[in-house]
Amino acid sequence: MEILRVENLKKYFPVQKSFIEVLLSKELKFIKAVDGVSFGVKKGEILSLVGESGCGKTTVGRLITGLEEPTDGKIYFKGEDVSKLPKDRRKEIYRSIQIIFQDPYASLNPRMKIGEHITDPLLIHDIADNDTARKMAIEMLERVGLVPGEQFFNRLPYQLSGGQRQRVAIARAMVLNPEFIVADEAVSMIDVSLRAAILNLLLSFKEEYNLSMLFITHDLSVAKLVGERIAVMYLGRIVEIGDVDDVIHHPKHPYTAALLSAVPSFDKRDLKVDIRGDVSNPIDLPSGCRYNPRCPFADDKCKESEPELEGDDFHSFACWHPLDIEVE
Amino acid sequence: MMVLDIKNLSTHYHSRRGTIKAVDRVSLKIEEKEFVGIVGESGCGKSTLAFSIMRLISPPGEIVEGEILFRGRDLLKLSEEEMRRVRGKEIGMVFQDPMTSLDPLEKIGDQIIETIQMHEEVDKRSALEKAEELLESVGLPRNRVNYYPHQLSGGQRQRVMIALAIALNPTLLIADEPTTALDVIVQEKIMNILKGMTSEGRSIILITHDFSLASEKSDRIVIMYAGWIVEMGESSKLVNEPLHPYTKGLLDSVPDLWLDRKIKTMPGLPPDLVNPPRGCKFHPRCPKAMDVCKEREPTDATVNGRFVKCWLYEV
Ligand SMILES: Nc1ncnc2c1ncn2[C@@H]1O[C@H](COP(=O)(O)OP(=O)(O)OP(=O)(O)O)[C@@H](O)[C@H]1O
Ligand SMILES: Nc1ncnc2c1ncn2[C@@H]1O[C@H](COP(=O)(O)OP(=O)(O)OP(=O)(O)O)[C@@H](O)[C@H]1O
Ligand code: SF4
Ligand SMILES: [Mg+2]
Ligand SMILES: [Mg+2]
């Protein structure tokens with residue numbers, strides 16, 4: 001069963017105009033941060049979302065969790081169109097979709113006790129009274145490895161290491177007993193030896209509660225480790241999506257292949273797919289396939305019309321000249 | 001030929017809580033044309049080691065003992081004036097944070113020209129010509145000399161930093177996390193540029209927390225833990241057959257794109273360097289720790305040409 005589906009999701013941010021441009025009444029321009037994204041996540045499944053900085057990963061996550069209003073497109077949670085629901089029902093849904101942010105330093109309030117970060121959402125959502133909330137928080141702190149929970153409850157964020165803070169962020173998301181988690185670069189700022197512990201913690205929660213997850217990361221090795229499926233984004237669009245092993249061993253989109261060939265590994269594969277220049281400007285997107293200025297296979301067709309995602313649940317891609325390779 | 005020969009180097013920071021032994025009796029040799037990767041987690045002393053080689057340690061930091069022989073000369077014995085001529089000209093450095101080391105108000109080209117003219121007697125025109133060539137050599141268009149730092153992307157700025165660091169054609173280039181904030185595709189391009197430099201006769205020290213990156217690019221890998229070098233040796237051998245328990249733990253905890261395996265968690269945290277554990281600094285986290293590890297510092301052993309600091313390999 002699909003727990004989440006997004007259809008043709010778009011988010012355009014207006015570009016700030018300078019005073020002169022306002023005087024000259026130049027037309028309003030937009031950054032097309034998310035530009036027609038569709039995918040589904042099944043119950044108990046992790047979908048990894050990868051792509052270079054600025055391709056729109058975080059914006060997708062914020063749209064799903066209701067932190068951002070879509071410019072266009074639909075979000076369905078358990079089959080219901082979220083935008084059409086009455087306010088109280090929406091609030092309920094957003095309680096079962098929680099987000100874990102990128103930065104363990106910025107996401108905690110420096111003046112708030114660790115425990116209060118976890119009791120707060122319980123009190124806001126009217127789930128528990130003060131005493132119960134405190135008990136639940138301490139229990140959850142211990143679940144994420146902050147033992148003794150009683151002691152960690154009373155500490156302030158500055159007294160914790162980066163890895164411990166990220167555990168607090170996980171505890172805060174998990175205490176609401178969510179069905180869906182958006183994890184946005186949840187381990188990216190953490191040191192190697194602690195990263196493994198946090199990843200294993202997230203995976204154990206997933207197993208235990210049959211959680212579904214959108215796991216956002218720029219690190220393909222991490223994406224491959226945690227996700228059953230993977231989606232590759234480029235400049236606001238998904239260019240390839242499917243079963244993680246199939247995408248990695250049979251990449252169809254030249255961008256996916258270029259990414260794979262650049263990932264450092266202890267066991268590097270002989271895969272060389274060229275990529276030219278730098279990412280195009282998200283305000284003035286190239287016509288046709290938005291990857292065409294960087295693509296070694298681009299021809300006239302690629303410059304004229306934009307390919308749509310084609311394929312099935314197992315593997316889809318958006319490219320006029322898909323690769324036919326096998327990386328073993 | 002030996003380019004760098006560090007002997008028993010210690011660099012400490014004096015803090016109110018006590019002395020932080022950020023680099024603790026480290027010895028390390030770098031050969032000509034060698035690409036050496038220094039790997040370790042945050043706070044293990046990588047940058048302090050790099051700054052010590054450049055003699056850019058200032059209070060509360062202090063180089064307390066050791067020798068840094070650069071082509072036979074001990075850098076620690078040079079006057080500040082002599083050291084200034086070594087920096088940039090003989091040893092170049094790419095710093096961890098590119099924005100702090102580029103002047104935001106000055107065009108890229110002018111910053112490179114200034115660096116060149118500080119060390120070499122050339123007129124502005126040929127310095128400009130050289131600046132353009134340098135940008136080209138790091139894969140940037142020549143006209144970027146006219147850009148200000150904020151007009152470039154992070155990856156482009158990092159390439160400018162490399163251009164600046166090699167402007168004076170140094171023998172040794174130290175790159176401290178040159179690609180940490182960058183995407184893999186840009187990282188790969190920058191690494192290829194660095195790799196290419198070794199065939200021109202330069203030696204490279206790459207400092208990184210990314211073990212797989214270091215293993216892929218370096219001839220030799222140095223593993224640091226809590227101010228010590230705990231293992232050091234030829235890259236592929238070290239990765240395929242790690243000796244030190246920390247190296248093993250690190251290897252097992254890194255997700256890898258092409259290796260089909262689960263990751264293992266290493267218990268505990270790196271120690272507080274003001275008050276590190278007695279004996280082996282790794283012993284509280286070590287699955288193999290013995291009684292002796294808790295009492296006495298391991299001796300430096302060489303096993304099949306590999307350096308390792310661990311009681312399991314006592315000689
Ligand atoms: N609130 C905003 N206002 C204007 N532009 C924005 C806003 N949020 C994001 N953007 C722009 O939208 C694009 C996508 O940003 P987003 O943060 O979603 O990317 P990302 O893939 O998460 O990148 P990273 O890997 O660096 O976190 C970028 O060009 C970004 O500058
Ligand atoms: N100026 C300073 N004053 C006091 N302590 C310092 C100073 N600079 C570094 N340290 C301490 O010295 C130790 C080594 O720091 P260093 O910056 O060399 O580590 P690193 O390996 O480069 O870490 P990272 O991967 O985070 O860059 C750390 O414990 C750090 O807190
Ligand atoms: S010396 Fe002992 S504690 Fe240290 S790494 Fe070796 S076995 Fe482990
Ligand atoms: Mg992001
Ligand atoms: Mg450093």
# chains A, B, ... in the order shown; residues from 1 in each chain; ligands from 1
>>> select_by_dssp(residues="segment 109-190 of chain B", states="strand (DSSP E or B)", output="PyMOL selection string")
chain B and resi 172-176
>>> residues_around(residues="segment 10-15 of chain B", least_positions_apart="2", cutoff="8 Å", atoms="only C-alpha atoms", output="mmCIF file with N, CA and C atoms, in the first residue's frame")
data_model
loop_
_atom_site.group_PDB
_atom_site.id
_atom_site.type_symbol
_atom_site.label_atom_id
_atom_site.label_comp_id
_atom_site.auth_asym_id
_atom_site.auth_seq_id
_atom_site.Cartn_x
_atom_site.Cartn_y
_atom_site.Cartn_z
ATOM 1 N N ASN B 8 58.931 13.319 15.501
ATOM 2 C CA ASN B 8 58.515 13.484 16.891
ATOM 3 C C ASN B 8 57.900 14.857 17.188
ATOM 4 N N ARG B 17 41.197 24.671 30.802
ATOM 5 C CA ARG B 17 40.934 23.336 31.345
ATOM 6 C C ARG B 17 42.192 22.485 31.419
ATOM 7 N N GLY B 18 43.224 22.909 30.705
ATOM 8 C CA GLY B 18 44.447 22.119 30.695
ATOM 9 C C GLY B 18 45.068 22.110 29.310
ATOM 10 N N THR B 19 46.067 21.239 29.132
ATOM 11 C CA THR B 19 46.773 21.199 27.852
ATOM 12 C C THR B 19 46.108 20.219 26.892
ATOM 13 N N ILE B 20 45.829 20.717 25.671
ATOM 14 C CA ILE B 20 45.272 19.850 24.635
ATOM 15 C C ILE B 20 46.412 19.381 23.752
ATOM 16 N N LYS B 21 46.708 18.084 23.802
ATOM 17 C CA LYS B 21 47.795 17.564 22.960
ATOM 18 C C LYS B 21 47.218 17.201 21.599
ATOM 19 N N ALA B 22 47.087 18.214 20.750
ATOM 20 C CA ALA B 22 46.405 18.022 19.466
ATOM 21 C C ALA B 22 47.263 17.209 18.501
ATOM 22 N N VAL B 23 48.573 17.414 18.541
ATOM 23 C CA VAL B 23 49.504 16.577 17.792
ATOM 24 C C VAL B 23 50.505 16.064 18.817
ATOM 25 N N ASP B 24 50.582 14.737 18.957
ATOM 26 C CA ASP B 24 51.288 14.158 20.087
ATOM 27 C C ASP B 24 52.405 13.222 19.601
ATOM 28 N N ARG B 25 53.584 13.751 19.456
ATOM 29 C CA ARG B 25 54.780 13.003 19.051
ATOM 30 C C ARG B 25 54.563 12.225 17.749
ATOM 31 N N VAL B 26 54.326 13.008 16.708
ATOM 32 C CA VAL B 26 54.018 12.428 15.404
ATOM 33 C C VAL B 26 55.248 12.435 14.510
ATOM 34 N N THR B 48 45.753 20.817 12.792
ATOM 35 C CA THR B 48 46.861 21.281 13.630
ATOM 36 C C THR B 48 48.193 20.798 13.063
ATOM 37 N N LEU B 49 48.220 19.572 12.571
ATOM 38 C CA LEU B 49 49.435 19.046 11.947
ATOM 39 C C LEU B 49 49.795 19.883 10.717
ATOM 40 N N SER B 52 51.018 23.242 11.676
ATOM 41 C CA SER B 52 52.358 23.149 12.251
ATOM 42 C C SER B 52 53.417 23.113 11.149
ATOM 43 N N PRO B 59 49.425 31.432 19.605
ATOM 44 C CA PRO B 59 48.854 31.195 20.927
ATOM 45 C C PRO B 59 47.337 31.187 20.849
ATOM 46 N N PRO B 60 46.691 30.318 21.625
ATOM 47 C CA PRO B 60 47.210 29.477 22.699
ATOM 48 C C PRO B 60 47.926 28.215 22.223
ATOM 49 N N GLY B 61 48.137 28.103 20.904
ATOM 50 C CA GLY B 61 48.817 26.921 20.394
ATOM 51 C C GLY B 61 50.323 27.091 20.452
ATOM 52 N N GLU B 62 51.043 25.958 20.517
ATOM 53 C CA GLU B 62 52.496 26.031 20.579
ATOM 54 C C GLU B 62 53.088 24.720 20.085
ATOM 55 N N ILE B 63 54.096 24.839 19.206
ATOM 56 C CA ILE B 63 54.839 23.643 18.813
ATOM 57 C C ILE B 63 55.846 23.405 19.922
ATOM 58 N N VAL B 64 55.700 22.293 20.668
ATOM 59 C CA VAL B 64 56.526 22.129 21.858
ATOM 60 C C VAL B 64 57.773 21.278 21.650
ATOM 61 N N GLU B 65 57.759 20.412 20.625
ATOM 62 C CA GLU B 65 58.974 19.632 20.378
ATOM 63 C C GLU B 65 58.951 19.075 18.973
ATOM 64 N N GLY B 66 60.099 18.602 18.530
ATOM 65 C CA GLY B 66 60.187 17.915 17.258
ATOM 66 C C GLY B 66 60.949 18.681 16.195
#
>>> closest_atom_pairs(of="chain B", to="chain A", cutoff="6 Å", atoms="only C-alpha atoms", output="JSON lines")
{"residue": "B:Asp183", "atom": "CA", "partner": "A:Glu52", "partner_atom": "CA", "distance": 5.9}
{"residue": "B:Val184", "atom": "CA", "partner": "A:Ala262", "partner_atom": "CA", "distance": 5.7}
{"residue": "B:Ile185", "atom": "CA", "partner": "A:Ala262", "partner_atom": "CA", "distance": 5.5}
{"residue": "B:Glu188", "atom": "CA", "partner": "A:Ala262", "partner_atom": "CA", "distance": 5.7}
{"residue": "B:Ser212", "atom": "CA", "partner": "A:Ser265", "partner_atom": "CA", "distance": 5.0}
{"residue": "B:Leu213", "atom": "CA", "partner": "A:Pro264", "partner_atom": "CA", "distance": 4.9}
{"residue": "B:Ser253", "atom": "CA", "partner": "A:Ala196", "partner_atom": "CA", "distance": 5.5}
{"residue": "B:Pro255", "atom": "CA", "partner": "A:Ser221", "partner_atom": "CA", "distance": 5.6}
{"residue": "B:Asp256", "atom": "CA", "partner": "A:Ser221", "partner_atom": "CA", "distance": 5.0}
{"residue": "B:Leu257", "atom": "CA", "partner": "A:Ser221", "partner_atom": "CA", "distance": 4.3}
{"residue": "B:Thr265", "atom": "CA", "partner": "A:Ala197", "partner_atom": "CA", "distance": 5.2}
{"residue": "B:Met266", "atom": "CA", "partner": "A:Ser193", "partner_atom": "CA", "distance": 5.8}
>>> residues_near_ligand(ligand="ligand 1", cutoff="9 Å", atoms="only C-alpha atoms and all ligand atoms", output="ChimeraX atom specification")
/A:11-16,30-34,50-62,68,102,184-185,216-218,233-236,281-283 /B:183
>>> residues_around(residues="Pro254 of chain A", least_positions_apart="3", cutoff="9 Å", atoms="only C-alpha atoms", output="list of chain:residue names")
A:Pro251, A:Ala257, A:Ala258, A:Leu259, A:Val273, A:Asp274, A:Ile275, A:Tyr291, A:Cys295, A:Pro296, A:Phe297, A:Cys319, A:His321, A:Pro322, A:Leu323
>>> residues_near_ligand(ligand="ligand 5", cutoff="7 Å", atoms="only C-alpha atoms and all ligand atoms", output="list of chain:residue names")
B:Ser42, B:Gly43, B:Lys46, B:Ser47, B:Gln96, B:Asp176
>>> write_last_selection(atoms="C-alpha atoms", output="short mmCIF file (atom, residue, chain, number, x, y, z; two decimals), in the first residue's frame")
data_model
loop_
_atom_site.label_atom_id
_atom_site.label_comp_id
_atom_site.auth_asym_id
_atom_site.auth_seq_id
_atom_site.Cartn_x
_atom_site.Cartn_y
_atom_site.Cartn_z
CA SER B 42 36.84 15.65 13.77
CA GLY B 43 39.27 16.98 16.37
CA LYS B 46 44.70 16.91 11.22
CA SER B 47 44.52 20.66 10.72
CA GLN B 96 39.53 24.12 5.10
CA ASP B 176 42.96 20.53 4.14
#
>>> select_by_dssp(residues="segment 164-194 of chain A", states="alpha helix (DSSP H)", output="VMD selection string")
chain A and resid 164 to 174 192 to 194
>>> write_last_selection(atoms="all heavy atoms", output="compact mmCIF listing (two decimals), in the first residue's frame")
# COMPACT_ATOMS: atom_id res chain seq x y z
N GLN A 164 24.96 13.37 19.57
CA GLN A 164 23.92 13.31 20.59
C GLN A 164 22.75 14.23 20.25
O GLN A 164 21.60 13.89 20.45
CB GLN A 164 24.51 13.69 21.95
CG GLN A 164 25.48 12.64 22.49
CD GLN A 164 26.18 13.08 23.75
OE1 GLN A 164 26.43 14.27 23.96
NE2 GLN A 164 26.50 12.13 24.61
N ARG A 165 23.07 15.40 19.68
CA ARG A 165 21.99 16.31 19.28
C ARG A 165 21.13 15.69 18.21
O ARG A 165 19.92 15.86 18.19
CB ARG A 165 22.57 17.60 18.73
CG ARG A 165 23.12 18.49 19.79
CD ARG A 165 23.75 19.67 19.13
NE ARG A 165 24.91 20.07 19.89
CZ ARG A 165 25.24 21.32 20.12
NH1 ARG A 165 24.52 22.28 19.61
NH2 ARG A 165 26.28 21.60 20.84
N GLN A 166 21.79 14.99 17.27
CA GLN A 166 21.00 14.38 16.21
C GLN A 166 20.11 13.29 16.80
O GLN A 166 19.00 13.09 16.33
CB GLN A 166 21.93 13.83 15.12
CG GLN A 166 21.31 13.71 13.75
CD GLN A 166 20.64 14.98 13.25
OE1 GLN A 166 19.61 15.39 13.78
NE2 GLN A 166 21.20 15.60 12.25
N ARG A 167 20.55 12.64 17.87
CA ARG A 167 19.69 11.66 18.55
C ARG A 167 18.48 12.36 19.17
O ARG A 167 17.37 11.82 19.17
CB ARG A 167 20.46 10.93 19.64
CG ARG A 167 21.44 9.90 19.09
CD ARG A 167 22.32 9.36 20.20
NE ARG A 167 23.51 8.72 19.64
CZ ARG A 167 23.61 7.41 19.44
NH1 ARG A 167 22.64 6.61 19.80
NH2 ARG A 167 24.69 6.90 18.91
N VAL A 168 18.69 13.56 19.72
CA VAL A 168 17.58 14.32 20.28
C VAL A 168 16.56 14.63 19.18
O VAL A 168 15.35 14.48 19.36
CB VAL A 168 18.06 15.63 20.94
CG1 VAL A 168 16.88 16.46 21.41
CG2 VAL A 168 19.01 15.33 22.09
N ALA A 169 17.07 15.04 18.01
CA ALA A 169 16.18 15.36 16.90
C ALA A 169 15.35 14.14 16.50
O ALA A 169 14.16 14.25 16.18
CB ALA A 169 16.98 15.87 15.71
N ILE A 170 15.98 12.97 16.56
CA ILE A 170 15.26 11.74 16.22
C ILE A 170 14.22 11.44 17.30
O ILE A 170 13.07 11.10 17.00
CB ILE A 170 16.24 10.56 16.06
CG1 ILE A 170 17.13 10.80 14.83
CG2 ILE A 170 15.49 9.24 15.93
CD1 ILE A 170 18.26 9.80 14.68
N ALA A 171 14.62 11.60 18.56
CA ALA A 171 13.69 11.36 19.66
C ALA A 171 12.47 12.28 19.53
O ALA A 171 11.33 11.86 19.70
CB ALA A 171 14.38 11.58 21.00
N ARG A 172 12.72 13.54 19.20
CA ARG A 172 11.63 14.50 19.08
C ARG A 172 10.65 14.09 17.98
O ARG A 172 9.45 14.22 18.11
CB ARG A 172 12.21 15.89 18.78
CG ARG A 172 11.16 16.95 18.62
CD ARG A 172 11.77 18.33 18.51
NE ARG A 172 12.74 18.40 17.43
CZ ARG A 172 13.44 19.48 17.13
NH1 ARG A 172 13.29 20.58 17.85
NH2 ARG A 172 14.29 19.47 16.14
N ALA A 173 11.19 13.59 16.87
CA ALA A 173 10.32 13.16 15.78
C ALA A 173 9.58 11.88 16.16
O ALA A 173 8.39 11.73 15.90
CB ALA A 173 11.14 12.94 14.52
N MET A 174 10.27 10.95 16.83
CA MET A 174 9.69 9.64 17.09
C MET A 174 8.64 9.63 18.20
O MET A 174 7.76 8.78 18.22
CB MET A 174 10.80 8.64 17.45
CG MET A 174 11.63 8.14 16.28
SD MET A 174 10.66 7.44 14.94
CE MET A 174 9.85 6.09 15.79
N VAL A 192 32.14 10.11 11.16
CA VAL A 192 31.99 8.76 10.63
C VAL A 192 31.60 7.71 11.67
O VAL A 192 30.67 6.94 11.46
CB VAL A 192 33.31 8.28 10.00
CG1 VAL A 192 33.04 7.25 8.93
CG2 VAL A 192 34.09 9.44 9.43
N SER A 193 32.31 7.67 12.80
CA SER A 193 32.07 6.55 13.71
C SER A 193 30.73 6.70 14.43
O SER A 193 30.18 5.73 14.92
CB SER A 193 33.21 6.42 14.73
OG SER A 193 33.17 7.48 15.65
N LEU A 194 30.17 7.93 14.48
CA LEU A 194 28.86 8.10 15.10
C LEU A 194 27.76 7.95 14.08
O LEU A 194 26.62 7.60 14.39
CB LEU A 194 28.76 9.50 15.72
CG LEU A 194 29.90 9.84 16.66
CD1 LEU A 194 29.78 11.29 17.12
CD2 LEU A 194 29.85 8.92 17.85
>>> atom_distance(atom1="atom CA of Thr65 of chain A", atom2="atom CA of Tyr158 of chain A")
27.4 Å
>>> residues_around(residues="Glu32 of chain B", least_positions_apart="3", cutoff="8 Å", atoms="only C-alpha atoms", output="ChimeraX atom specification")
/B:1-3,201-203
>>> write_last_selection(atoms="N, CA, C and O atoms", output="mmCIF file, in the first residue's frame")
data_model
loop_
_atom_site.group_PDB
_atom_site.id
_atom_site.type_symbol
_atom_site.label_atom_id
_atom_site.label_comp_id
_atom_site.auth_asym_id
_atom_site.auth_seq_id
_atom_site.Cartn_x
_atom_site.Cartn_y
_atom_site.Cartn_z
ATOM 1 N N MET B 1 63.221 10.913 -3.672
ATOM 2 C CA MET B 1 63.813 11.878 -2.741
ATOM 3 C C MET B 1 62.816 12.264 -1.657
ATOM 4 O O MET B 1 61.633 12.417 -1.916
ATOM 5 N N MET B 2 63.335 12.417 -0.466
ATOM 6 C CA MET B 2 62.467 12.801 0.645
ATOM 7 C C MET B 2 62.174 14.303 0.589
ATOM 8 O O MET B 2 63.081 15.108 0.474
ATOM 9 N N VAL B 3 60.899 14.645 0.644
ATOM 10 C CA VAL B 3 60.538 16.064 0.629
ATOM 11 C C VAL B 3 60.341 16.563 2.052
ATOM 12 O O VAL B 3 60.846 17.609 2.448
ATOM 13 N N GLY B 201 55.661 16.491 -10.476
ATOM 14 C CA GLY B 201 56.770 16.519 -9.521
ATOM 15 C C GLY B 201 56.409 17.019 -8.141
ATOM 16 O O GLY B 201 57.243 17.065 -7.253
ATOM 17 N N ARG B 202 55.137 17.400 -7.942
ATOM 18 C CA ARG B 202 54.764 17.881 -6.619
ATOM 19 C C ARG B 202 54.372 16.714 -5.713
ATOM 20 O O ARG B 202 53.961 15.660 -6.170
ATOM 21 N N SER B 203 54.478 16.965 -4.414
ATOM 22 C CA SER B 203 53.936 16.017 -3.442
ATOM 23 C C SER B 203 52.669 16.624 -2.867
ATOM 24 O O SER B 203 52.579 17.836 -2.699
#
>>> closest_atom_pairs(of="chain B", to="ligand 3", cutoff="8 Å", atoms="only C-alpha atoms and all ligand atoms", output="tab-separated table")
residue	atom	partner	partner_atom_place_in_ligand_line	distance
B:His244	CA	ligand 3	5 (S)	5.8
B:Pro245	CA	ligand 3	5 (S)	5.0
B:Tyr246	CA	ligand 3	5 (S)	6.1
B:Gly279	CA	ligand 3	1 (S)	7.9
B:Cys280	CA	ligand 3	4 (Fe)	4.6
B:Lys281	CA	ligand 3	4 (Fe)	6.6
B:Phe282	CA	ligand 3	4 (Fe)	4.9
B:His283	CA	ligand 3	3 (S)	3.4
B:Pro284	CA	ligand 3	3 (S)	7.0
B:Arg285	CA	ligand 3	3 (S)	7.4
B:Cys286	CA	ligand 3	8 (Fe)	4.5
B:Pro287	CA	ligand 3	8 (Fe)	6.6
B:Lys288	CA	ligand 3	7 (S)	4.7
B:Ala289	CA	ligand 3	3 (S)	4.1
B:Met290	CA	ligand 3	2 (Fe)	5.9
B:Val292	CA	ligand 3	2 (Fe)	7.4
B:Cys293	CA	ligand 3	2 (Fe)	4.4
B:Lys294	CA	ligand 3	3 (S)	7.2
B:Glu297	CA	ligand 3	1 (S)	7.5
B:Pro298	CA	ligand 3	1 (S)	5.5
B:Lys309	CA	ligand 3	1 (S)	6.8
B:Cys310	CA	ligand 3	1 (S)	3.6
B:Trp311	CA	ligand 3	1 (S)	4.2
B:Leu312	CA	ligand 3	7 (S)	5.3
B:Tyr313	CA	ligand 3	6 (Fe)	7.8
>>> closest_residue(among="B:Leu75, B:Val39, B:Leu140, B:Met83", to="ligand 2", atoms="only C-alpha atoms and all ligand atoms")
B:Val39
>>> closest_residue(among="B:Gln117, B:Asn275, B:Ser27, B:Thr299", to="ligand 2", atoms="only C-alpha atoms and all ligand atoms")
B:Asn275
>>> closest_residue(among="B:Ile57, B:Ile174, B:Leu164, B:Val122", to="ligand 2", atoms="only C-alpha atoms and all ligand atoms")
B:Ile57
>>> closest_residue(among="A:Glu27, A:Lys87, A:Glu45, A:Met189", to="ligand 2", atoms="only C-alpha atoms and all ligand atoms")
A:Met189
>>> residues_around(residues="segment 111-113 of chain B", least_positions_apart="5", cutoff="7 Å", atoms="only C-alpha atoms", output="PyMOL selection string")
chain B and resi 106+127-128+131+164
>>> write_last_selection(atoms="N, CA, C and O atoms", output="JSON list (two decimals), in the first residue's frame")
[["chain", "number", "residue", "atom", "x", "y", "z"],
["B", 106, "GLU", "N", 38.08, 41.92, -3.47],
["B", 106, "GLU", "CA", 39.08, 42.03, -4.51],
["B", 106, "GLU", "C", 38.83, 40.98, -5.58],
["B", 106, "GLU", "O", 38.46, 39.84, -5.28],
["B", 127, "ALA", "N", 52.23, 38.72, -14.92],
["B", 127, "ALA", "CA", 51.56, 38.12, -13.76],
["B", 127, "ALA", "C", 50.10, 37.81, -14.09],
["B", 127, "ALA", "O", 49.57, 36.76, -13.72],
["B", 128, "LEU", "N", 49.46, 38.71, -14.83],
["B", 128, "LEU", "CA", 48.07, 38.49, -15.24],
["B", 128, "LEU", "C", 47.98, 37.27, -16.17],
["B", 128, "LEU", "O", 47.10, 36.41, -16.02],
["B", 131, "ALA", "N", 48.20, 34.31, -14.10],
["B", 131, "ALA", "CA", 46.96, 34.09, -13.35],
["B", 131, "ALA", "C", 45.92, 33.39, -14.22],
["B", 131, "ALA", "O", 45.24, 32.46, -13.79],
["B", 164, "LEU", "N", 45.57, 29.55, -6.36],
["B", 164, "LEU", "CA", 46.39, 30.42, -5.51],
["B", 164, "LEU", "C", 47.51, 29.63, -4.84],
["B", 164, "LEU", "O", 48.65, 30.08, -4.77]]
>>> decode(residues="segment 15-39 of chain B", atoms="C-alpha atoms", output="short mmCIF file (atom, residue, chain, number, x, y, z; two decimals), in the first residue's frame")
data_model
loop_
_atom_site.label_atom_id
_atom_site.label_comp_id
_atom_site.auth_asym_id
_atom_site.auth_seq_id
_atom_site.Cartn_x
_atom_site.Cartn_y
_atom_site.Cartn_z
CA SER B 15 43.50 26.11 27.60
CA ARG B 16 41.99 26.96 30.96
CA ARG B 17 40.93 23.34 31.35
CA GLY B 18 44.45 22.12 30.70
CA THR B 19 46.77 21.20 27.85
CA ILE B 20 45.27 19.85 24.64
CA LYS B 21 47.79 17.56 22.96
CA ALA B 22 46.40 18.02 19.47
CA VAL B 23 49.50 16.58 17.79
CA ASP B 24 51.29 14.16 20.09
CA ARG B 25 54.78 13.00 19.05
CA VAL B 26 54.02 12.43 15.40
CA SER B 27 56.59 11.25 12.85
CA LEU B 28 55.84 11.23 9.14
CA LYS B 29 57.81 11.20 5.88
CA ILE B 30 56.64 12.37 2.46
CA GLU B 31 58.47 11.40 -0.72
CA GLU B 32 58.71 13.31 -3.96
CA LYS B 33 55.60 12.94 -6.17
CA GLU B 34 53.83 11.13 -3.38
CA PHE B 35 50.10 11.57 -2.71
CA VAL B 36 49.47 11.02 0.99
CA GLY B 37 46.03 11.01 2.58
CA ILE B 38 45.64 11.89 6.26
CA VAL B 39 42.40 10.46 7.62
#
